[in-house]
>>> print(open('data_12.txt').read())   # compact mmCIF, N, CA and C atoms
# COMPACT_ATOMS: atom_id res chain seq x y z
N MET A 1 140.09 126.13 130.14
CA MET A 1 140.59 124.78 129.94
C MET A 1 141.69 124.46 130.93
N GLY A 2 142.48 125.44 131.33
CA GLY A 2 143.55 125.17 132.29
C GLY A 2 144.87 124.93 131.60
N TYR A 3 145.58 123.92 132.03
CA TYR A 3 146.89 123.66 131.49
C TYR A 3 147.04 122.18 131.15
N GLN A 4 148.08 121.85 130.39
CA GLN A 4 148.40 120.48 130.03
C GLN A 4 149.31 119.89 131.10
N LYS A 5 149.07 118.63 131.45
CA LYS A 5 149.93 117.98 132.44
C LYS A 5 151.23 117.48 131.84
N LEU A 6 151.25 117.24 130.54
CA LEU A 6 152.45 116.84 129.81
C LEU A 6 153.04 115.52 130.30
N GLY A 7 152.26 114.72 130.97
CA GLY A 7 152.73 113.42 131.42
C GLY A 7 153.77 113.48 132.52
N LEU A 8 153.82 114.58 133.25
CA LEU A 8 154.84 114.76 134.28
C LEU A 8 154.17 115.10 135.60
N ASN A 9 154.87 114.80 136.70
CA ASN A 9 154.34 115.25 137.98
C ASN A 9 154.58 116.76 138.12
N THR A 10 153.96 117.36 139.10
CA THR A 10 153.92 118.82 139.20
C THR A 10 155.31 119.46 139.27
N GLY A 11 156.18 118.95 140.12
CA GLY A 11 157.50 119.53 140.27
C GLY A 11 158.32 119.45 139.00
N HIS A 12 158.26 118.29 138.35
CA HIS A 12 159.02 118.09 137.11
C HIS A 12 158.49 119.00 136.01
N ARG A 13 157.16 119.10 135.91
CA ARG A 13 156.54 119.94 134.89
C ARG A 13 156.92 121.41 135.10
N ASN A 14 156.82 121.89 136.34
CA ASN A 14 157.16 123.28 136.62
C ASN A 14 158.63 123.57 136.33
N ALA A 15 159.51 122.65 136.70
CA ALA A 15 160.94 122.83 136.43
C ALA A 15 161.21 122.87 134.92
N MET A 16 160.56 121.97 134.18
CA MET A 16 160.75 121.93 132.73
C MET A 16 160.27 123.23 132.08
N LEU A 17 159.10 123.72 132.50
CA LEU A 17 158.57 124.96 131.93
C LEU A 17 159.46 126.15 132.27
N ARG A 18 159.97 126.19 133.49
CA ARG A 18 160.87 127.28 133.88
C ARG A 18 162.15 127.24 133.04
N ASN A 19 162.68 126.03 132.81
CA ASN A 19 163.87 125.89 131.97
C ASN A 19 163.60 126.33 130.54
N LEU A 20 162.44 125.93 129.99
CA LEU A 20 162.12 126.29 128.61
C LEU A 20 161.93 127.80 128.46
N VAL A 21 161.28 128.44 129.42
CA VAL A 21 161.09 129.89 129.35
C VAL A 21 162.43 130.59 129.44
N THR A 22 163.29 130.14 130.35
CA THR A 22 164.62 130.73 130.48
C THR A 22 165.42 130.57 129.19
N SER A 23 165.35 129.38 128.58
CA SER A 23 166.06 129.14 127.33
C SER A 23 165.52 129.99 126.20
N LEU A 24 164.20 130.16 126.15
CA LEU A 24 163.59 130.98 125.10
C LEU A 24 164.05 132.43 125.19
N ILE A 25 164.06 132.98 126.39
CA ILE A 25 164.49 134.36 126.56
C ILE A 25 165.99 134.50 126.24
N LYS A 26 166.77 133.50 126.62
CA LYS A 26 168.22 133.55 126.40
C LYS A 26 168.58 133.38 124.93
N GLU A 27 167.99 132.38 124.28
CA GLU A 27 168.38 132.04 122.91
C GLU A 27 167.51 132.70 121.85
N LYS A 28 166.38 133.28 122.24
CA LYS A 28 165.41 133.94 121.35
C LYS A 28 164.59 132.97 120.51
N ARG A 29 164.96 131.69 120.44
CA ARG A 29 164.16 130.67 119.76
C ARG A 29 164.57 129.29 120.27
N ILE A 30 163.56 128.42 120.42
CA ILE A 30 163.82 127.05 120.85
C ILE A 30 162.97 126.10 120.01
N GLN A 31 163.44 124.87 119.88
CA GLN A 31 162.67 123.84 119.20
C GLN A 31 162.18 122.85 120.25
N THR A 32 160.87 122.58 120.24
CA THR A 32 160.27 121.70 121.22
C THR A 32 159.00 121.11 120.64
N THR A 33 158.30 120.30 121.42
CA THR A 33 157.05 119.74 120.92
C THR A 33 155.95 120.80 120.95
N GLU A 34 154.90 120.56 120.20
CA GLU A 34 153.83 121.55 120.06
C GLU A 34 153.12 121.83 121.37
N THR A 35 152.81 120.78 122.15
CA THR A 35 152.08 121.00 123.40
C THR A 35 152.94 121.75 124.42
N ARG A 36 154.23 121.42 124.47
CA ARG A 36 155.12 122.15 125.38
C ARG A 36 155.22 123.61 124.96
N ALA A 37 155.31 123.85 123.67
CA ALA A 37 155.44 125.22 123.17
C ALA A 37 154.21 126.05 123.52
N LYS A 38 153.03 125.44 123.44
CA LYS A 38 151.81 126.17 123.77
C LYS A 38 151.77 126.56 125.24
N GLU A 39 152.30 125.69 126.10
CA GLU A 39 152.36 126.01 127.52
C GLU A 39 153.40 127.10 127.79
N VAL A 40 154.56 126.98 127.16
CA VAL A 40 155.64 127.94 127.39
C VAL A 40 155.26 129.31 126.85
N LYS A 41 154.50 129.34 125.75
CA LYS A 41 154.14 130.60 125.12
C LYS A 41 153.42 131.54 126.10
N SER A 42 152.44 131.02 126.83
CA SER A 42 151.68 131.89 127.73
C SER A 42 152.56 132.43 128.86
N ILE A 43 153.46 131.58 129.36
CA ILE A 43 154.34 132.01 130.45
C ILE A 43 155.35 133.05 129.94
N ALA A 44 155.89 132.80 128.76
CA ALA A 44 156.88 133.73 128.19
C ALA A 44 156.25 135.10 127.92
N GLU A 45 155.01 135.09 127.45
CA GLU A 45 154.33 136.37 127.20
C GLU A 45 154.16 137.14 128.51
N LYS A 46 153.88 136.44 129.60
CA LYS A 46 153.75 137.10 130.90
C LYS A 46 155.10 137.68 131.35
N MET A 47 156.19 136.97 131.07
CA MET A 47 157.51 137.47 131.44
C MET A 47 157.86 138.74 130.66
N VAL A 48 157.52 138.76 129.37
CA VAL A 48 157.79 139.96 128.56
C VAL A 48 156.94 141.12 129.05
N THR A 49 155.70 140.84 129.46
CA THR A 49 154.84 141.89 130.01
C THR A 49 155.43 142.45 131.30
N LEU A 50 156.00 141.58 132.13
CA LEU A 50 156.69 142.06 133.33
C LEU A 50 157.87 142.96 132.96
N ALA A 51 158.60 142.56 131.92
CA ALA A 51 159.76 143.35 131.48
C ALA A 51 159.32 144.70 130.94
N LYS A 52 158.17 144.75 130.29
CA LYS A 52 157.65 146.03 129.81
C LYS A 52 157.31 146.96 130.97
N ARG A 53 156.78 146.38 132.05
CA ARG A 53 156.48 147.19 133.24
C ARG A 53 157.76 147.78 133.80
N GLY A 54 158.76 146.93 133.96
CA GLY A 54 160.11 147.39 134.28
C GLY A 54 160.39 147.83 135.70
N ASP A 55 159.43 147.79 136.61
CA ASP A 55 159.71 148.23 137.97
C ASP A 55 160.37 147.12 138.78
N LEU A 56 160.75 147.44 140.00
CA LEU A 56 161.47 146.50 140.85
C LEU A 56 160.63 145.28 141.20
N ALA A 57 159.36 145.49 141.47
CA ALA A 57 158.49 144.37 141.81
C ALA A 57 158.37 143.39 140.64
N ALA A 58 158.28 143.91 139.43
CA ALA A 58 158.20 143.05 138.24
C ALA A 58 159.50 142.27 138.06
N ARG A 59 160.62 142.94 138.29
CA ARG A 59 161.92 142.27 138.16
C ARG A 59 162.05 141.14 139.18
N ARG A 60 161.56 141.37 140.39
CA ARG A 60 161.64 140.31 141.41
C ARG A 60 160.70 139.16 141.08
N GLN A 61 159.54 139.44 140.48
CA GLN A 61 158.64 138.36 140.07
C GLN A 61 159.30 137.51 138.99
N ALA A 62 159.97 138.15 138.04
CA ALA A 62 160.66 137.41 136.99
C ALA A 62 161.81 136.59 137.56
N LEU A 63 162.55 137.18 138.50
CA LEU A 63 163.66 136.44 139.14
C LEU A 63 163.14 135.24 139.93
N ALA A 64 161.95 135.36 140.49
CA ALA A 64 161.38 134.25 141.25
C ALA A 64 161.01 133.09 140.33
N TYR A 65 160.74 133.37 139.06
CA TYR A 65 160.33 132.30 138.15
C TYR A 65 161.50 131.74 137.34
N MET A 66 162.33 132.62 136.78
CA MET A 66 163.41 132.15 135.91
C MET A 66 164.66 131.84 136.72
N TYR A 67 165.46 130.92 136.20
CA TYR A 67 166.61 130.41 136.95
C TYR A 67 167.84 131.31 136.85
N ASP A 68 168.06 131.96 135.71
CA ASP A 68 169.30 132.66 135.45
C ASP A 68 169.13 134.17 135.63
N GLU A 69 169.87 134.72 136.55
CA GLU A 69 169.79 136.15 136.82
C GLU A 69 170.25 136.98 135.63
N GLU A 70 171.22 136.47 134.89
CA GLU A 70 171.72 137.17 133.70
C GLU A 70 170.63 137.26 132.63
N VAL A 71 169.83 136.22 132.50
CA VAL A 71 168.74 136.21 131.52
C VAL A 71 167.67 137.22 131.91
N VAL A 72 167.38 137.33 133.19
CA VAL A 72 166.39 138.32 133.65
C VAL A 72 166.90 139.73 133.38
N ARG A 73 168.18 139.96 133.60
CA ARG A 73 168.76 141.27 133.31
C ARG A 73 168.63 141.58 131.82
N ASP A 74 168.92 140.60 130.97
CA ASP A 74 168.79 140.76 129.52
C ASP A 74 167.33 141.03 129.14
N LEU A 75 166.42 140.31 129.78
CA LEU A 75 164.99 140.48 129.51
C LEU A 75 164.54 141.90 129.80
N PHE A 76 164.94 142.44 130.92
CA PHE A 76 164.49 143.78 131.32
C PHE A 76 165.24 144.89 130.59
N ASP A 77 166.52 144.68 130.26
CA ASP A 77 167.30 145.74 129.64
C ASP A 77 167.19 145.78 128.12
N LYS A 78 166.99 144.61 127.48
CA LYS A 78 166.99 144.57 126.02
C LYS A 78 165.63 144.18 125.44
N VAL A 79 165.06 143.09 125.93
CA VAL A 79 163.83 142.57 125.33
C VAL A 79 162.62 143.44 125.65
N GLY A 80 162.49 143.87 126.90
CA GLY A 80 161.35 144.68 127.31
C GLY A 80 161.19 145.95 126.50
N PRO A 81 162.26 146.76 126.33
CA PRO A 81 162.12 147.99 125.55
C PRO A 81 161.76 147.75 124.08
N ILE A 82 162.17 146.61 123.52
CA ILE A 82 161.84 146.31 122.12
C ILE A 82 160.33 146.21 121.93
N TYR A 83 159.65 145.60 122.91
CA TYR A 83 158.21 145.37 122.80
C TYR A 83 157.39 146.43 123.54
N ALA A 84 157.99 147.59 123.86
CA ALA A 84 157.32 148.60 124.66
C ALA A 84 156.02 149.10 124.03
N ASP A 85 156.00 149.21 122.69
CA ASP A 85 154.81 149.74 122.03
C ASP A 85 153.93 148.64 121.44
N ARG A 86 154.25 147.38 121.71
CA ARG A 86 153.47 146.26 121.18
C ARG A 86 152.49 145.78 122.24
N PRO A 87 151.20 145.66 121.90
CA PRO A 87 150.19 145.34 122.92
C PRO A 87 150.11 143.86 123.30
N GLY A 88 150.88 143.00 122.68
CA GLY A 88 150.86 141.57 123.00
C GLY A 88 151.36 140.78 121.82
N GLY A 89 151.33 139.46 121.92
CA GLY A 89 151.78 138.61 120.81
C GLY A 89 153.27 138.71 120.59
N TYR A 90 154.04 138.40 121.62
CA TYR A 90 155.49 138.54 121.54
C TYR A 90 156.17 137.28 121.01
N THR A 91 155.42 136.18 120.91
CA THR A 91 156.02 134.92 120.48
C THR A 91 155.30 134.38 119.25
N ARG A 92 156.00 133.49 118.55
CA ARG A 92 155.46 132.87 117.34
C ARG A 92 155.79 131.38 117.38
N ILE A 93 154.81 130.56 116.96
CA ILE A 93 155.02 129.11 116.87
C ILE A 93 155.00 128.73 115.40
N VAL A 94 156.09 128.10 114.94
CA VAL A 94 156.21 127.66 113.55
C VAL A 94 156.38 126.15 113.54
N LYS A 95 155.47 125.45 112.86
CA LYS A 95 155.55 123.99 112.80
C LYS A 95 156.67 123.56 111.86
N VAL A 96 157.43 122.54 112.30
CA VAL A 96 158.57 122.08 111.50
C VAL A 96 158.51 120.60 111.14
N GLY A 97 157.44 119.93 111.47
CA GLY A 97 157.34 118.52 111.13
C GLY A 97 157.23 117.63 112.35
N HIS A 98 157.56 116.36 112.16
CA HIS A 98 157.42 115.39 113.24
C HIS A 98 158.79 114.86 113.66
N ARG A 99 158.92 114.55 114.95
CA ARG A 99 160.15 113.99 115.50
C ARG A 99 160.31 112.57 114.98
N ARG A 100 161.53 112.20 114.68
CA ARG A 100 161.79 110.91 114.07
C ARG A 100 161.46 109.73 114.98
N GLY A 101 161.78 109.83 116.25
CA GLY A 101 161.61 108.69 117.15
C GLY A 101 160.17 108.32 117.44
N ASP A 102 159.34 109.31 117.79
CA ASP A 102 157.97 109.00 118.21
C ASP A 102 156.92 109.78 117.43
N ALA A 103 157.33 110.46 116.37
CA ALA A 103 156.42 111.21 115.49
C ALA A 103 155.66 112.31 116.23
N ALA A 104 156.26 112.86 117.29
CA ALA A 104 155.64 113.98 117.99
C ALA A 104 155.76 115.23 117.12
N PRO A 105 154.69 116.03 117.05
CA PRO A 105 154.76 117.25 116.23
C PRO A 105 155.73 118.26 116.86
N MET A 106 156.73 118.68 116.09
CA MET A 106 157.75 119.60 116.57
C MET A 106 157.49 120.99 116.02
N VAL A 107 157.85 121.99 116.82
CA VAL A 107 157.68 123.39 116.42
C VAL A 107 158.91 124.19 116.86
N ILE A 108 159.04 125.36 116.27
CA ILE A 108 160.03 126.33 116.73
C ILE A 108 159.24 127.45 117.39
N LEU A 109 159.57 127.73 118.64
CA LEU A 109 158.97 128.82 119.40
C LEU A 109 159.98 129.93 119.44
N GLU A 110 159.61 131.13 118.94
CA GLU A 110 160.56 132.23 118.86
C GLU A 110 159.92 133.53 119.28
N LEU A 111 160.76 134.44 119.74
CA LEU A 111 160.31 135.79 120.03
C LEU A 111 160.18 136.53 118.70
N VAL A 112 159.09 137.26 118.53
CA VAL A 112 158.82 137.97 117.27
C VAL A 112 159.77 139.15 117.14
>>> encode(input="data_12.txt", output="structure tokens")
Amino acid sequence: MGYQKLGLNTGHRNAMLRNLVTSLIKEKRIQTTETRAKEVKSIAEKMVTLAKRGDLAARRQALAYMYDEEVVRDLFDKVGPIYADRPGGYTRIVKVGHRRGDAAPMVILELV
């Protein structure tokens, strides 16, 4: 199926997804719309898989995607070892209702 365009041009969409992934790793949970969460989920799972690998090349790939170097350090030093024996499914989407302004379905995306 590919990916959702989310009503944004390519640069804006990529920047937003990078910000959301960085925030998810930093805060361990974020609240966003359902379609955004589904897009962020696949990227975040790939970042955790890189952290599980733990080598220098994986760290540089994560640094190339995420904005905050401190978050990447936290990802590789703390988050990666937690999921070392887990074969996948590092994130969870929990529906929380609809946004008041435009009735968009809202969810909480969190690391399991």
>>> residues_around(input="data_12.txt", residues="Tyr65 in chain A", least_positions_apart="2", cutoff="12 Å", atoms="only C-alpha atoms", output="ChimeraX atom specification")
/A:14-22,43-44,46-47,50,58-63,67-69,71-72
>>> residues_around(input="data_12.txt", residues="range 23-31 of chain A", least_positions_apart="3", cutoff="5 Å", atoms="only N, CA and C atoms", output="JSON, numbers by chain")
{"A": [19, 20, 107, 108, 109, 110, 111]}
>>> residues_around(input="data_12.txt", residues="range 76-88 of chain A", least_positions_apart="6", cutoff="6.5 Å", atoms="all atoms listed in the file", output="number ranges by chain")
A: 48, 51-52, 54
>>> select_by_dssp(input="data_12.txt", residues="chain A", states="strand (DSSP E)", output="number ranges by chain")
A: 29-33, 91-98, 105-111
>>> residues_around(input="data_12.txt", residues="Thr35 in chain A", least_positions_apart="3", cutoff="8 Å", atoms="all atoms listed in the file", output="PyMOL selection string")
chain A and resi 4+6+32+38-41+105-107
>>> atom_distance(input="data_12.txt", atom1="atom N of Thr10 in chain A", atom2="CA of Ala104 in chain A")
21.4 Å
>>> atom_distance(input="data_12.txt", atom1="CA of Glu34 in chain A", atom2="atom N of Ile93 in chain A")
9.6 Å
>>> atom_distance(input="data_12.txt", atom1="CA of Thr49 in chain A", atom2="CA of Gly89 in chain A")
10.2 Å
>>> axis_aligned_box(input="data_12.txt", around="range 17-30 of chain A", padding_each_side="3 Å", output="AutoDock Vina command-line options")
--center_x 163.6 --center_y 129.1 --center_z 126.8 --size_x 16.0 --size_y 16.8 --size_z 20.1
>>> select_by_dssp(input="data_12.txt", residues="range 1-85 of chain A", states="alpha helix (DSSP H)", output="short mmCIF file (atom, residue, chain, number, x, y, z; two decimals) with N, CA and C atoms, in the frame of the given file")
data_model
loop_
_atom_site.label_atom_id
_atom_site.label_comp_id
_atom_site.auth_asym_id
_atom_site.auth_seq_id
_atom_site.Cartn_x
_atom_site.Cartn_y
_atom_site.Cartn_z
N THR A 10 153.96 117.36 139.10
CA THR A 10 153.92 118.82 139.20
C THR A 10 155.31 119.46 139.27
N GLY A 11 156.18 118.95 140.12
CA GLY A 11 157.50 119.53 140.27
C GLY A 11 158.32 119.45 139.00
N HIS A 12 158.26 118.29 138.35
CA HIS A 12 159.02 118.09 137.11
C HIS A 12 158.49 119.00 136.01
N ARG A 13 157.16 119.10 135.91
CA ARG A 13 156.54 119.94 134.89
C ARG A 13 156.92 121.41 135.10
N ASN A 14 156.82 121.89 136.34
CA ASN A 14 157.16 123.28 136.62
C ASN A 14 158.63 123.57 136.33
N ALA A 15 159.51 122.65 136.70
CA ALA A 15 160.94 122.83 136.43
C ALA A 15 161.21 122.87 134.92
N MET A 16 160.56 121.97 134.18
CA MET A 16 160.75 121.93 132.73
C MET A 16 160.27 123.23 132.08
N LEU A 17 159.10 123.72 132.50
CA LEU A 17 158.57 124.96 131.93
C LEU A 17 159.46 126.15 132.27
N ARG A 18 159.97 126.19 133.49
CA ARG A 18 160.87 127.28 133.88
C ARG A 18 162.15 127.24 133.04
N ASN A 19 162.68 126.03 132.81
CA ASN A 19 163.87 125.89 131.97
C ASN A 19 163.60 126.33 130.54
N LEU A 20 162.44 125.93 129.99
CA LEU A 20 162.12 126.29 128.61
C LEU A 20 161.93 127.80 128.46
N VAL A 21 161.28 128.44 129.42
CA VAL A 21 161.09 129.89 129.35
C VAL A 21 162.43 130.59 129.44
N THR A 22 163.29 130.14 130.35
CA THR A 22 164.62 130.73 130.48
C THR A 22 165.42 130.57 129.19
N SER A 23 165.35 129.38 128.58
CA SER A 23 166.06 129.14 127.33
C SER A 23 165.52 129.99 126.20
N LEU A 24 164.20 130.16 126.15
CA LEU A 24 163.59 130.98 125.10
C LEU A 24 164.05 132.43 125.19
N ILE A 25 164.06 132.98 126.39
CA ILE A 25 164.49 134.36 126.56
C ILE A 25 165.99 134.50 126.24
N LYS A 26 166.77 133.50 126.62
CA LYS A 26 168.22 133.55 126.40
C LYS A 26 168.58 133.38 124.93
N GLU A 27 167.99 132.38 124.28
CA GLU A 27 168.38 132.04 122.91
C GLU A 27 167.51 132.70 121.85
N GLU A 34 154.90 120.56 120.20
CA GLU A 34 153.83 121.55 120.06
C GLU A 34 153.12 121.83 121.37
N THR A 35 152.81 120.78 122.15
CA THR A 35 152.08 121.00 123.40
C THR A 35 152.94 121.75 124.42
N ARG A 36 154.23 121.42 124.47
CA ARG A 36 155.12 122.15 125.38
C ARG A 36 155.22 123.61 124.96
N ALA A 37 155.31 123.85 123.67
CA ALA A 37 155.44 125.22 123.17
C ALA A 37 154.21 126.05 123.52
N LYS A 38 153.03 125.44 123.44
CA LYS A 38 151.81 126.17 123.77
C LYS A 38 151.77 126.56 125.24
N GLU A 39 152.30 125.69 126.10
CA GLU A 39 152.36 126.01 127.52
C GLU A 39 153.40 127.10 127.79
N VAL A 40 154.56 126.98 127.16
CA VAL A 40 155.64 127.94 127.39
C VAL A 40 155.26 129.31 126.85
N LYS A 41 154.50 129.34 125.75
CA LYS A 41 154.14 130.60 125.12
C LYS A 41 153.42 131.54 126.10
N SER A 42 152.44 131.02 126.83
CA SER A 42 151.68 131.89 127.73
C SER A 42 152.56 132.43 128.86
N ILE A 43 153.46 131.58 129.36
CA ILE A 43 154.34 132.01 130.45
C ILE A 43 155.35 133.05 129.94
N ALA A 44 155.89 132.80 128.76
CA ALA A 44 156.88 133.73 128.19
C ALA A 44 156.25 135.10 127.92
N GLU A 45 155.01 135.09 127.45
CA GLU A 45 154.33 136.37 127.20
C GLU A 45 154.16 137.14 128.51
N LYS A 46 153.88 136.44 129.60
CA LYS A 46 153.75 137.10 130.90
C LYS A 46 155.10 137.68 131.35
N MET A 47 156.19 136.97 131.07
CA MET A 47 157.51 137.47 131.44
C MET A 47 157.86 138.74 130.66
N VAL A 48 157.52 138.76 129.37
CA VAL A 48 157.79 139.96 128.56
C VAL A 48 156.94 141.12 129.05
N THR A 49 155.70 140.84 129.46
CA THR A 49 154.84 141.89 130.01
C THR A 49 155.43 142.45 131.30
N LEU A 50 156.00 141.58 132.13
CA LEU A 50 156.69 142.06 133.33
C LEU A 50 157.87 142.96 132.96
N ALA A 51 158.60 142.56 131.92
CA ALA A 51 159.76 143.35 131.48
C ALA A 51 159.32 144.70 130.94
N LYS A 52 158.17 144.75 130.29
CA LYS A 52 157.65 146.03 129.81
C LYS A 52 157.31 146.96 130.97
N ARG A 53 156.78 146.38 132.05
CA ARG A 53 156.48 147.19 133.24
C ARG A 53 157.76 147.78 133.80
N LEU A 56 160.75 147.44 140.00
CA LEU A 56 161.47 146.50 140.85
C LEU A 56 160.63 145.28 141.20
N ALA A 57 159.36 145.49 141.47
CA ALA A 57 158.49 144.37 141.81
C ALA A 57 158.37 143.39 140.64
N ALA A 58 158.28 143.91 139.43
CA ALA A 58 158.20 143.05 138.24
C ALA A 58 159.50 142.27 138.06
N ARG A 59 160.62 142.94 138.29
CA ARG A 59 161.92 142.27 138.16
C ARG A 59 162.05 141.14 139.18
N ARG A 60 161.56 141.37 140.39
CA ARG A 60 161.64 140.31 141.41
C ARG A 60 160.70 139.16 141.08
N GLN A 61 159.54 139.44 140.48
CA GLN A 61 158.64 138.36 140.07
C GLN A 61 159.30 137.51 138.99
N ALA A 62 159.97 138.15 138.04
CA ALA A 62 160.66 137.41 136.99
C ALA A 62 161.81 136.59 137.56
N LEU A 63 162.55 137.18 138.50
CA LEU A 63 163.66 136.44 139.14
C LEU A 63 163.14 135.24 139.93
N ALA A 64 161.95 135.36 140.49
CA ALA A 64 161.38 134.25 141.25
C ALA A 64 161.01 133.09 140.33
N TYR A 65 160.74 133.37 139.06
CA TYR A 65 160.33 132.30 138.15
C TYR A 65 161.50 131.74 137.34
N GLU A 69 169.87 134.72 136.55
CA GLU A 69 169.79 136.15 136.82
C GLU A 69 170.25 136.98 135.63
N GLU A 70 171.22 136.47 134.89
CA GLU A 70 171.72 137.17 133.70
C GLU A 70 170.63 137.26 132.63
N VAL A 71 169.83 136.22 132.50
CA VAL A 71 168.74 136.21 131.52
C VAL A 71 167.67 137.22 131.91
N VAL A 72 167.38 137.33 133.19
CA VAL A 72 166.39 138.32 133.65
C VAL A 72 166.90 139.73 133.38
N ARG A 73 168.18 139.96 133.60
CA ARG A 73 168.76 141.27 133.31
C ARG A 73 168.63 141.58 131.82
N ASP A 74 168.92 140.60 130.97
CA ASP A 74 168.79 140.76 129.52
C ASP A 74 167.33 141.03 129.14
N GLY A 80 162.49 143.87 126.90
CA GLY A 80 161.35 144.68 127.31
C GLY A 80 161.19 145.95 126.50
N PRO A 81 162.26 146.76 126.33
CA PRO A 81 162.12 147.99 125.55
C PRO A 81 161.76 147.75 124.08
N ILE A 82 162.17 146.61 123.52
CA ILE A 82 161.84 146.31 122.12
C ILE A 82 160.33 146.21 121.93
#
>>> closest_residue(input="data_12.txt", among="A:Glu70, A:Arg13, A:Val112, A:Leu56", to="Arg92 in chain A", atoms="all atoms listed in the file")
A:Val112
